[in-house]
Structures are given as structure tokens and as C-alpha cells.
file protein07.pdb (PDB, C-alpha atoms)
MODEL        1
ATOM      1  CA  MET Y  30    -169.104 -73.928  58.103
ATOM      2  CA  LYS Y  31    -170.100 -70.283  57.530
ATOM      3  CA  LYS Y  32    -168.960 -70.548  53.935
ATOM      4  CA  TYR Y  33    -171.610 -73.180  53.203
ATOM      5  CA  ILE Y  34    -174.298 -70.950  54.709
ATOM      6  CA  TRP Y  35    -173.466 -67.992  52.404
ATOM      7  CA  ILE Y  36    -173.550 -69.994  49.185
ATOM      8  CA  PRO Y  37    -177.343 -70.734  49.304
ATOM      9  CA  LEU Y  38    -178.006 -67.109  50.280
ATOM     10  CA  VAL Y  39    -176.073 -65.828  47.270
ATOM     11  CA  LEU Y  40    -177.913 -68.247  44.968
ATOM     12  CA  LEU Y  41    -181.258 -67.154  46.407
ATOM     13  CA  ILE Y  42    -180.404 -63.480  45.832
ATOM     14  CA  LEU Y  43    -179.377 -64.210  42.233
ATOM     15  CA  VAL Y  44    -182.669 -66.065  41.614
ATOM     16  CA  LEU Y  45    -184.645 -63.161  43.091
ATOM     17  CA  LEU Y  46    -182.773 -60.639  40.942
ATOM     18  CA  ALA Y  47    -183.407 -62.738  37.806
ATOM     19  CA  GLY Y  48    -187.115 -62.952  38.690
ATOM     20  CA  ILE Y  49    -187.338 -59.212  39.202
ATOM     21  CA  GLY Y  50    -185.631 -58.636  35.848
ATOM     22  CA  PHE Y  51    -188.016 -61.008  34.073
ATOM     23  CA  LEU Y  52    -191.051 -59.350  35.647
ATOM     24  CA  GLY Y  53    -189.724 -55.917  34.629
ATOM     25  CA  TYR Y  54    -189.201 -57.058  31.033
ATOM     26  CA  SER Y  55    -192.694 -58.645  30.880
ATOM     27  CA  PHE Y  56    -194.247 -55.446  32.255
ATOM     28  CA  PHE Y  57    -192.432 -53.361  29.621
ATOM     29  CA  LYS Y  58    -193.603 -55.596  26.719
ATOM     30  CA  GLU Y  59    -197.177 -55.640  28.023
ATOM     31  CA  ARG Y  60    -197.159 -51.855  28.349
ATOM     32  CA  GLU Y  61    -195.797 -51.507  24.815
ATOM     33  CA  ALA Y  62    -198.574 -53.789  23.449
ATOM     34  CA  ASN Y  63    -201.242 -51.871  25.373
ATOM     35  CA  GLU Y  64    -200.012 -48.553  23.952
ATOM     36  CA  ALA Y  65    -200.260 -49.940  20.397
ATOM     37  CA  MET Y  66    -203.807 -51.211  21.032
ATOM     38  CA  GLN Y  67    -204.817 -47.855  22.526
ATOM     39  CA  GLU Y  68    -203.509 -46.060  19.448
ATOM     40  CA  LEU Y  69    -205.581 -48.320  17.154
ATOM     41  CA  ALA Y  70    -208.640 -47.819  19.352
ATOM     42  CA  ALA Y  71    -208.190 -44.036  19.172
ATOM     43  CA  LEU Y  72    -208.049 -44.139  15.372
ATOM     44  CA  ASP Y  73    -211.164 -46.356  15.236
ATOM     45  CA  LYS Y  74    -212.987 -43.982  17.589
ATOM     46  CA  GLN Y  75    -212.035 -40.951  15.474
ATOM     47  CA  GLU Y  76    -213.321 -42.655  12.317
ATOM     48  CA  MET Y  77    -216.630 -43.385  14.075
ATOM     49  CA  GLU Y  78    -216.897 -39.719  15.163
ATOM     50  CA  ASN Y  79    -216.404 -38.621  11.554
ATOM     51  CA  GLU Y  80    -219.203 -40.942  10.387
ATOM     52  CA  TYR Y  81    -221.601 -39.711  13.066
ATOM     53  CA  GLU Y  82    -220.880 -36.094  12.086
ATOM     54  CA  ARG Y  83    -221.426 -36.904   8.396
ATOM     55  CA  PHE Y  84    -224.774 -38.604   9.093
ATOM     56  CA  ALA Y  85    -225.940 -35.651  11.233
ATOM     57  CA  LEU Y  86    -225.062 -33.327   8.348
ATOM     58  CA  GLN Y  87    -226.987 -35.504   5.876
ATOM     59  CA  TYR Y  88    -230.086 -35.238   8.069
ATOM     60  CA  SER Y  89    -229.729 -31.438   7.979
ATOM     61  CA  GLU Y  90    -229.485 -31.461   4.179
ATOM     62  CA  MET Y  91    -232.557 -33.703   3.857
ATOM     63  CA  MET Y  92    -234.614 -31.478   6.172
ATOM     64  CA  THR Y  93    -234.005 -28.451   3.941
ATOM     65  CA  GLN Y  94    -235.622 -30.341   1.042
ATOM     66  CA  ILE Y  95    -238.743 -31.677   2.827
ATOM     67  CA  ASN Y  96    -242.058 -29.843   3.369
ATOM     68  CA  ASN Y  97    -243.871 -32.746   5.069
ATOM     69  CA  ASP Y  98    -244.230 -31.860   8.794
ATOM     70  CA  SER Y  99    -244.520 -35.479   9.911
ATOM     71  CA  ILE Y 100    -241.367 -36.636   8.142
ATOM     72  CA  LEU Y 101    -239.582 -33.435   9.143
ATOM     73  CA  ALA Y 102    -240.308 -34.205  12.807
ATOM     74  CA  GLN Y 103    -239.002 -37.755  12.370
ATOM     75  CA  LEU Y 104    -235.838 -36.523  10.670
ATOM     76  CA  THR Y 105    -235.291 -33.981  13.460
ATOM     77  CA  LYS Y 106    -235.678 -36.738  16.063
ATOM     78  CA  GLU Y 107    -233.194 -39.018  14.272
ATOM     79  CA  GLN Y 108    -230.727 -36.156  13.843
ATOM     80  CA  MET Y 109    -230.901 -35.374  17.573
ATOM     81  CA  ARG Y 110    -230.344 -39.066  18.349
ATOM     82  CA  THR Y 111    -227.317 -39.111  16.050
ATOM     83  CA  GLN Y 112    -225.903 -36.007  17.725
ATOM     84  CA  GLU Y 113    -226.498 -37.505  21.176
ATOM     85  CA  LEU Y 114    -224.644 -40.678  20.195
ATOM     86  CA  LEU Y 115    -221.811 -38.533  18.824
ATOM     87  CA  ALA Y 116    -221.641 -36.653  22.137
ATOM     88  CA  GLU Y 117    -221.527 -39.972  24.019
ATOM     89  CA  LEU Y 118    -218.746 -41.226  21.756
ATOM     90  CA  LYS Y 119    -216.649 -38.094  22.309
ATOM     91  CA  GLN Y 120    -216.880 -38.617  26.068
ATOM     92  CA  VAL Y 121    -215.888 -42.294  25.906
ATOM     93  CA  LYS Y 122    -212.281 -43.089  26.722
ATOM     94  CA  ASP Y 123    -210.191 -44.696  23.984
ATOM     95  CA  ASP Y 124    -209.659 -47.848  26.062
ATOM     96  CA  ASP Y 125    -213.350 -48.402  26.871
ATOM     97  CA  ALA Y 126    -213.752 -51.262  24.382
ATOM     98  CA  LYS Y 127    -217.227 -52.285  25.596
ATOM     99  CA  GLU Y 128    -218.731 -48.808  25.172
ATOM    100  CA  ILE Y 129    -217.029 -48.215  21.821
ATOM    101  CA  ALA Y 130    -218.385 -51.560  20.555
ATOM    102  CA  ARG Y 131    -221.905 -50.522  21.638
ATOM    103  CA  LEU Y 132    -221.647 -47.172  19.850
ATOM    104  CA  LYS Y 133    -220.327 -48.937  16.755
ATOM    105  CA  ARG Y 134    -223.491 -51.072  16.712
ATOM    106  CA  GLU Y 135    -225.554 -47.922  17.148
ATOM    107  CA  LEU Y 136    -223.686 -46.407  14.181
ATOM    108  CA  ALA Y 137    -224.761 -49.316  11.963
ATOM    109  CA  THR Y 138    -228.375 -48.707  13.033
ATOM    110  CA  VAL Y 139    -228.115 -44.983  12.239
ATOM    111  CA  ARG Y 140    -226.776 -45.833   8.785
ATOM    112  CA  ALA Y 141    -229.659 -48.236   8.087
ATOM    113  CA  VAL Y 142    -232.287 -45.732   9.317
ATOM    114  CA  LEU Y 143    -230.831 -42.992   7.134
ATOM    115  CA  ARG Y 144    -231.022 -45.237   4.074
ATOM    116  CA  ASP Y 145    -234.671 -46.067   4.879
ATOM    117  CA  TYR Y 146    -235.578 -42.376   5.037
ATOM    118  CA  VAL Y 147    -233.964 -41.764   1.655
ATOM    119  CA  MET Y 148    -236.225 -44.442   0.192
ATOM    120  CA  GLN Y 149    -239.325 -43.149   2.027
ATOM    121  CA  ILE Y 150    -238.771 -39.590   0.857
ATOM    122  CA  ASP Y 151    -238.319 -40.738  -2.717
ATOM    123  CA  SER Y 152    -241.624 -42.638  -2.479
ATOM    124  CA  LEU Y 153    -243.327 -39.558  -1.034
ATOM    125  CA  ASN Y 154    -242.072 -37.433  -3.904
ATOM    126  CA  ARG Y 155    -243.520 -39.900  -6.392
ATOM    127  CA  GLN Y 156    -246.910 -39.546  -4.701
ATOM    128  CA  ASN Y 157    -246.562 -35.775  -4.727
ATOM    129  CA  GLN Y 158    -245.862 -35.846  -8.427
ATOM    130  CA  GLU Y 159    -249.205 -37.586  -8.995
ATOM    131  CA  LEU Y 160    -251.035 -34.946  -6.958
ATOM    132  CA  ILE Y 161    -249.279 -32.189  -8.871
ATOM    133  CA  ALA Y 162    -250.333 -33.728 -12.171
ATOM    134  CA  GLU Y 163    -253.972 -33.459 -11.035
ATOM    135  CA  ASN Y 164    -253.579 -29.860  -9.850
ATOM    136  CA  THR Y 165    -252.136 -28.763 -13.165
ATOM    137  CA  ARG Y 166    -255.446 -29.675 -14.816
ATOM    138  CA  MET Y 167    -257.341 -27.266 -12.597
ATOM    139  CA  GLN Y 168    -257.964 -23.809 -14.020
ATOM    140  CA  GLY Y 169    -256.827 -20.867 -11.910
ATOM    141  CA  GLU Y 170    -254.099 -22.859 -10.150
ATOM    142  CA  MET Y 171    -251.776 -23.311 -13.122
ATOM    143  CA  ASP Y 172    -249.145 -20.854 -11.945
ATOM    144  CA  GLU Y 173    -249.048 -22.121  -8.374
ATOM    145  CA  ALA Y 174    -248.968 -25.743  -9.542
ATOM    146  CA  SER Y 175    -246.144 -24.998 -11.957
ATOM    147  CA  ARG Y 176    -244.035 -23.471  -9.174
ATOM    148  CA  THR Y 177    -244.708 -26.482  -6.959
ATOM    149  CA  ILE Y 178    -243.721 -28.868  -9.730
ATOM    150  CA  GLU Y 179    -240.456 -27.016 -10.245
ATOM    151  CA  ASP Y 180    -239.614 -27.125  -6.529
ATOM    152  CA  LEU Y 181    -240.486 -30.798  -6.145
ATOM    153  CA  SER Y 182    -238.594 -31.701  -9.297
ATOM    154  CA  THR Y 183    -235.462 -30.233  -7.753
ATOM    155  CA  GLU Y 184    -236.081 -32.164  -4.546
ATOM    156  CA  ARG Y 185    -236.722 -35.363  -6.466
ATOM    157  CA  GLU Y 186    -233.555 -34.972  -8.516
ATOM    158  CA  THR Y 187    -231.449 -34.525  -5.381
ATOM    159  CA  LEU Y 188    -233.061 -37.448  -3.588
ATOM    160  CA  SER Y 189    -232.869 -39.625  -6.709
ATOM    161  CA  GLU Y 190    -229.134 -39.038  -6.766
ATOM    162  CA  ARG Y 191    -228.942 -40.210  -3.159
ATOM    163  CA  VAL Y 192    -230.975 -43.323  -3.949
ATOM    164  CA  ALA Y 193    -228.764 -44.000  -6.992
ATOM    165  CA  MET Y 194    -225.669 -43.777  -4.824
ATOM    166  CA  ALA Y 195    -227.176 -46.182  -2.285
ATOM    167  CA  ALA Y 196    -228.106 -48.613  -5.086
ATOM    168  CA  GLN Y 197    -224.650 -48.633  -6.703
ATOM    169  CA  LEU Y 198    -223.018 -52.063  -6.809
ATOM    170  CA  ASP Y 199    -219.768 -52.722  -4.955
ATOM    171  CA  ALA Y 200    -217.122 -55.296  -5.922
ATOM    172  CA  HIS Y 201    -214.755 -56.614  -3.259
ATOM    173  CA  ALA Y 202    -212.389 -59.530  -2.596
ATOM    174  CA  ILE Y 203    -210.827 -58.917  -6.034
ATOM    175  CA  THR Y 204    -208.152 -61.422  -7.122
ATOM    176  CA  MET Y 205    -206.024 -61.735 -10.251
ATOM    177  CA  THR Y 206    -204.463 -65.175 -10.833
ATOM    178  CA  PRO Y 207    -202.056 -65.908 -13.725
ATOM    179  CA  LEU Y 208    -202.584 -69.456 -15.024
ATOM    180  CA  LYS Y 209    -200.347 -71.764 -17.032
ATOM    181  CA  LYS Y 210    -201.586 -73.787 -19.980
ATOM    182  CA  ASN Y 211    -202.495 -76.694 -17.682
ATOM    183  CA  GLY Y 212    -204.674 -74.427 -15.527
ATOM    184  CA  LYS Y 213    -202.281 -74.255 -12.579
ATOM    185  CA  SER Y 214    -201.044 -70.970 -11.141
ATOM    186  CA  ALA Y 215    -198.067 -69.447 -12.923
ATOM    187  CA  LYS Y 216    -195.304 -68.056 -10.730
ATOM    188  CA  LYS Y 217    -194.020 -65.793 -13.500
ATOM    189  CA  MET Y 218    -196.024 -63.715 -15.975
ATOM    190  CA  LYS Y 219    -193.941 -64.945 -18.897
ATOM    191  CA  ASP Y 220    -195.476 -68.418 -18.332
ATOM    192  CA  CYS Y 221    -199.031 -67.068 -18.150
ATOM    193  CA  LYS Y 222    -201.546 -68.352 -20.733
ATOM    194  CA  ASN Y 223    -204.750 -67.303 -18.978
ATOM    195  CA  ILE Y 224    -205.681 -64.723 -16.337
ATOM    196  CA  ALA Y 225    -208.501 -65.480 -13.884
ATOM    197  CA  ILE Y 226    -210.244 -62.452 -12.403
ATOM    198  CA  SER Y 227    -212.498 -63.242  -9.418
ATOM    199  CA  PHE Y 228    -214.492 -60.962  -7.122
ATOM    200  CA  ASN Y 229    -217.726 -60.746  -5.144
ATOM    201  CA  ILE Y 230    -220.501 -58.216  -5.745
ATOM    202  CA  ALA Y 231    -221.734 -57.215  -2.304
ATOM    203  CA  ARG Y 232    -225.272 -57.613  -1.014
ATOM    204  CA  ASN Y 233    -227.384 -54.478  -1.644
ATOM    205  CA  VAL Y 234    -231.118 -54.536  -0.951
ATOM    206  CA  THR Y 235    -231.611 -51.121  -2.598
ATOM    207  CA  ALA Y 236    -230.102 -52.182  -5.931
ATOM    208  CA  GLU Y 237    -232.403 -53.252  -8.755
ATOM    209  CA  ASN Y 238    -232.450 -57.003  -9.365
ATOM    210  CA  GLY Y 239    -231.951 -58.556 -12.779
ATOM    211  CA  GLN Y 240    -229.285 -59.036 -15.406
ATOM    212  CA  ARG Y 241    -226.166 -56.873 -15.250
ATOM    213  CA  THR Y 242    -223.268 -56.609 -17.674
ATOM    214  CA  VAL Y 243    -219.992 -56.446 -15.751
ATOM    215  CA  TYR Y 244    -216.846 -55.173 -17.487
ATOM    216  CA  VAL Y 245    -213.238 -55.796 -16.406
ATOM    217  CA  ARG Y 246    -210.339 -53.613 -17.550
ATOM    218  CA  ILE Y 247    -206.802 -54.984 -17.078
ATOM    219  CA  THR Y 248    -203.869 -52.585 -17.540
ATOM    220  CA  THR Y 249    -200.241 -53.694 -17.842
ATOM    221  CA  PRO Y 250    -197.183 -52.186 -16.098
ATOM    222  CA  THR Y 251    -196.696 -49.975 -19.190
ATOM    223  CA  GLY Y 252    -200.216 -48.548 -18.862
ATOM    224  CA  GLU Y 253    -201.652 -50.391 -21.855
ATOM    225  CA  THR Y 254    -205.071 -52.074 -21.689
ATOM    226  CA  LEU Y 255    -205.397 -55.770 -22.473
ATOM    227  CA  ASN Y 256    -208.080 -55.070 -25.052
ATOM    228  CA  GLY Y 257    -210.362 -57.570 -26.680
ATOM    229  CA  GLY Y 258    -213.872 -56.617 -25.674
ATOM    230  CA  GLY Y 259    -214.331 -53.126 -27.049
ATOM    231  CA  THR Y 260    -215.079 -49.837 -25.294
ATOM    232  CA  ILE Y 261    -217.415 -48.449 -22.626
ATOM    233  CA  THR Y 262    -218.321 -44.950 -21.504
ATOM    234  CA  TYR Y 263    -217.097 -43.910 -18.066
ATOM    235  CA  GLU Y 264    -217.175 -40.360 -16.662
ATOM    236  CA  ASN Y 265    -217.995 -38.833 -20.073
ATOM    237  CA  ARG Y 266    -215.102 -40.523 -21.848
ATOM    238  CA  THR Y 267    -214.598 -43.705 -23.807
ATOM    239  CA  ILE Y 268    -212.262 -46.342 -22.366
ATOM    240  CA  GLU Y 269    -211.265 -49.844 -23.433
ATOM    241  CA  TYR Y 270    -212.228 -52.909 -21.462
ATOM    242  CA  SER Y 271    -210.692 -56.384 -21.525
ATOM    243  CA  ILE Y 272    -213.584 -58.789 -20.821
ATOM    244  CA  LYS Y 273    -217.257 -58.652 -19.939
ATOM    245  CA  LYS Y 274    -219.840 -60.994 -18.483
ATOM    246  CA  VAL Y 275    -223.621 -60.915 -18.041
ATOM    247  CA  ILE Y 276    -224.653 -61.947 -14.531
ATOM    248  CA  GLU Y 277    -227.977 -62.380 -12.737
ATOM    249  CA  TYR Y 278    -227.988 -60.120  -9.659
ATOM    250  CA  THR Y 279    -230.580 -60.830  -6.941
ATOM    251  CA  GLY Y 280    -229.461 -58.292  -4.381
ATOM    252  CA  GLU Y 281    -227.469 -60.920  -2.471
ATOM    253  CA  GLU Y 282    -223.688 -61.518  -2.366
ATOM    254  CA  THR Y 283    -222.783 -62.681  -5.879
ATOM    255  CA  PRO Y 284    -219.419 -64.330  -6.780
ATOM    256  CA  VAL Y 285    -218.090 -63.680 -10.298
ATOM    257  CA  THR Y 286    -215.124 -65.212 -12.156
ATOM    258  CA  MET Y 287    -213.926 -64.106 -15.605
ATOM    259  CA  TYR Y 288    -211.006 -65.227 -17.783
ATOM    260  CA  TRP Y 289    -208.664 -63.385 -20.158
ATOM    261  CA  ASN Y 290    -206.883 -65.506 -22.779
ATOM    262  CA  VAL Y 291    -203.301 -64.309 -23.105
ATOM    263  CA  ALA Y 292    -202.208 -63.888 -26.706
ATOM    264  CA  GLU Y 293    -199.126 -61.756 -26.116
ATOM    265  CA  TYR Y 294    -196.030 -61.559 -23.935
ATOM    266  CA  LEU Y 295    -196.723 -60.223 -20.449
ATOM    267  CA  GLY Y 296    -193.839 -58.864 -18.416
ATOM    268  CA  ALA Y 297    -193.303 -58.579 -14.698
ATOM    269  CA  GLY Y 298    -194.537 -55.542 -12.799
ATOM    270  CA  SER Y 299    -197.691 -53.926 -11.448
ATOM    271  CA  TYR Y 300    -201.055 -54.710 -13.077
ATOM    272  CA  ASN Y 301    -204.364 -52.978 -12.363
ATOM    273  CA  VAL Y 302    -207.803 -54.572 -12.422
ATOM    274  CA  SER Y 303    -210.813 -52.198 -12.590
ATOM    275  CA  ILE Y 304    -214.420 -53.429 -12.558
ATOM    276  CA  PHE Y 305    -217.361 -51.494 -14.063
ATOM    277  CA  ALA Y 306    -221.145 -51.909 -14.008
ATOM    278  CA  ASP Y 307    -224.036 -49.539 -14.800
ATOM    279  CA  GLY Y 308    -221.562 -46.845 -15.908
ATOM    280  CA  ASN Y 309    -219.765 -46.863 -12.534
ATOM    281  CA  MET Y 310    -216.418 -48.192 -11.379
ATOM    282  CA  ILE Y 311    -217.456 -50.624  -8.634
ATOM    283  CA  GLY Y 312    -214.005 -51.889  -7.662
ATOM    284  CA  SER Y 313    -210.284 -51.618  -8.424
ATOM    285  CA  ARG Y 314    -207.080 -53.236  -7.192
ATOM    286  CA  ASN Y 315    -203.374 -53.390  -8.134
ATOM    287  CA  PHE Y 316    -201.340 -56.629  -8.339
ATOM    288  CA  THR Y 317    -197.576 -57.100  -8.660
ATOM    289  CA  PHE Y 318    -196.156 -60.184 -10.418
ATOM    290  CA  ASN Y 319    -192.649 -61.424 -11.224
TER
ENDMDL
END
call {"tool": "encode", "arguments": {"input": "protein07.pdb", "output": "C-alpha cells"}}
result
Amino acid sequence: MKKYIWIPLVLLILVLLAGIGFLGYSFFKEREANEAMQELAALDKQEMENEYERFALQYSEMMTQINNDSILAQLTKEQMRTQELLAELKQVKDDDAKEIARLKRELATVRAVLRDYVMQIDSLNRQNQELIAENTRMQGEMDEASRTIEDLSTERETLSERVAMAAQLDAHAITMTPLKKNGKSAKKMKDCKNIAISFNIARNVTAENGQRTVYVRITTPTGETLNGGGTITYENRTIEYSIKKVIEYTGEETPVTMYWNVAEYLGAGSYNVSIFADGNMIGSRNFTFN
């Protein structure tokens, strides 16, 4: 009789031990996942800190080039705000997702405000240039006006470079698709008769609207350029390009697709696609094919 009593007890103990083991394993896996997420959050937080520090430094550089007290006060205020947000971010714990998300939204606002000030300062310099042109016509103030023109020209050149950088186009979502004669994707490069290059030019409200000539340069695994379009100048040197296309850019996201007709044998390996516009490389990506 006692034997039948012990059997259920032993089974119950075994079930409890199995449950404890399962709970221990689940806790270990959850802890492992949390540690990985915390590591990613720490890296994201560090990248945000670097951006805040860079923006604060840009405000300092801009303030050394501005003589307008009103704008200087505004720049000082925005720099202090950026530094305060940076201080808040440094105090936030890596696992405080809600606070990090808020500071990331604040970072996007700081970036937009900084871009607006670059444009405002450039506009102010244009107005100053008009005033300087009038002063140069006044006798007795020629020397002083000339010095002012020289100083403002330096400021304008620096700020124009910043505006030019903000207005530079950016190509993303770049794809390279080998096509067979029937237009379907080719699994191997030896069967390729056409190459489709597709990408998007990102939205940029500071870029000038209108027609743009976009150039694509395709290089083979041996480093040779699939040439057929001619040459362009890039970073004070002449390089070959493969295809070009004139597009109408309105400042909004613009999809572009271009085709290269294959007239030679193409082997397997790593190919590079580089995209150029307005004398700048606006995108590049490597592709590996069999």
C-alpha cells in the first residue's frame, strides 16, 4: 500500500524539477537577449552623443563668423540648448528606451534648426554684400569698406560651402540586377545581356530644383570600367562613366532606373556601382554575382 503512495510523490517531484529547469533555461535566454539589446542601445546612445557634440561645435564655428548681435544671440541660445540635451543624454541609462527615443526626436529638431540658420546666415550675407556695394561708392570710406568686403567675402565663402554641402544630392536604395535577353533576372553573369541600375535620390528641400544629369560608373571584378558614355571630372581628375541620364529633380524623393547593354563577357565576382551628379559622388555600393 505504501508503495503506491510513493509513486505519485516521485512523479510530482520529477515534474517540479523539470519545471524549475525550464524556468531556469527561459530566464537565461531572456537575460541573454536583454544583454544584446542593451549593447545595441548603448551603441545607439553613443552615436547620438557624437552627433550632439558635432552640432554644438558647428554652432561655435558659425558664431566666430557672424557679427550680427541678434543672430549671435539666437545661435548662442541654440548652442546652449544642444549642450543641455547632450548633458541629459549622457545622464540617461542605456535601457531607458522612452527617454532615448525622446532625445532622438530632439536631435532631429536640432539638425533641422541648424540647417535653417545656415540658410538664414547666407541670406544675411547677400544683403550685406548689397550694403557694401553702396558704401564702396562713398568717398572717404573706401578703405574701411574694402576691409569689410574682404571679411564678409571670407564669411560668405565658408557659409556657401556649408549650404553647398546641405544641398548635395544623396542616392540610396541602390540595386544592380543582371538581366537575360528575355528581360528576366540572370542567375549568372555569363548569361547577362543587360544590367539594370536602380536607386532613389533622397528628398532635399535645400537642393536646387530642375534638370540634373546623373552618371553611373560600373566597375568589374578586374577593376575595369564598363565604358560607353565618356568621361566626367571628379575630384580634379578625369574618370570614365558607363551610362548617364537626365532627370527632373523637384526636391522630393525621385526614383531612377538606368540600363547598360552588355556587349562583352562578364565574369563572376564583385562589381561596384558609383553614382555621380553635380561633380559629386552621391552614392556607391558593391555587388557580388556568380
call {"tool": "closest_residue", "arguments": {"input": "protein07.pdb", "among": "Y:Phe305, Y:Tyr244, Y:Tyr300, Y:Phe228", "to": "Y:Gln197", "atoms": "all atoms listed in the file"}}
result
Y:Phe305
call {"tool": "atom_distance", "arguments": {"input": "protein07.pdb", "atom1": "atom CA of Y:Met109", "atom2": "atom CA of Y:Met148"}}
result
20.3 Å
call {"tool": "closest_residue", "arguments": {"input": "protein07.pdb", "among": "Y:Tyr263, Y:Tyr288, Y:Tyr270, Y:Tyr146", "to": "Y:Gly212", "atoms": "all atoms listed in the file"}}
result
Y:Tyr288
call {"tool": "atom_distance", "arguments": {"input": "protein07.pdb", "atom1": "atom CA of Y:Ile203", "atom2": "atom CA of Y:Asn229"}}
result
7.2 Å
call {"tool": "resolve_selection", "arguments": {"input": "protein07.pdb", "expression": "the PyMOL selection byres ((chain Y and resi 129-142) around 10)", "output": "count of residues only"}}
result
31
call {"tool": "resolve_selection", "arguments": {"input": "protein07.pdb", "expression": "the PyMOL selection byres ((chain Y and resi 298) around 6)", "output": "MDAnalysis selection string"}}
result
chainID Y and resid 250 297 299 317:318
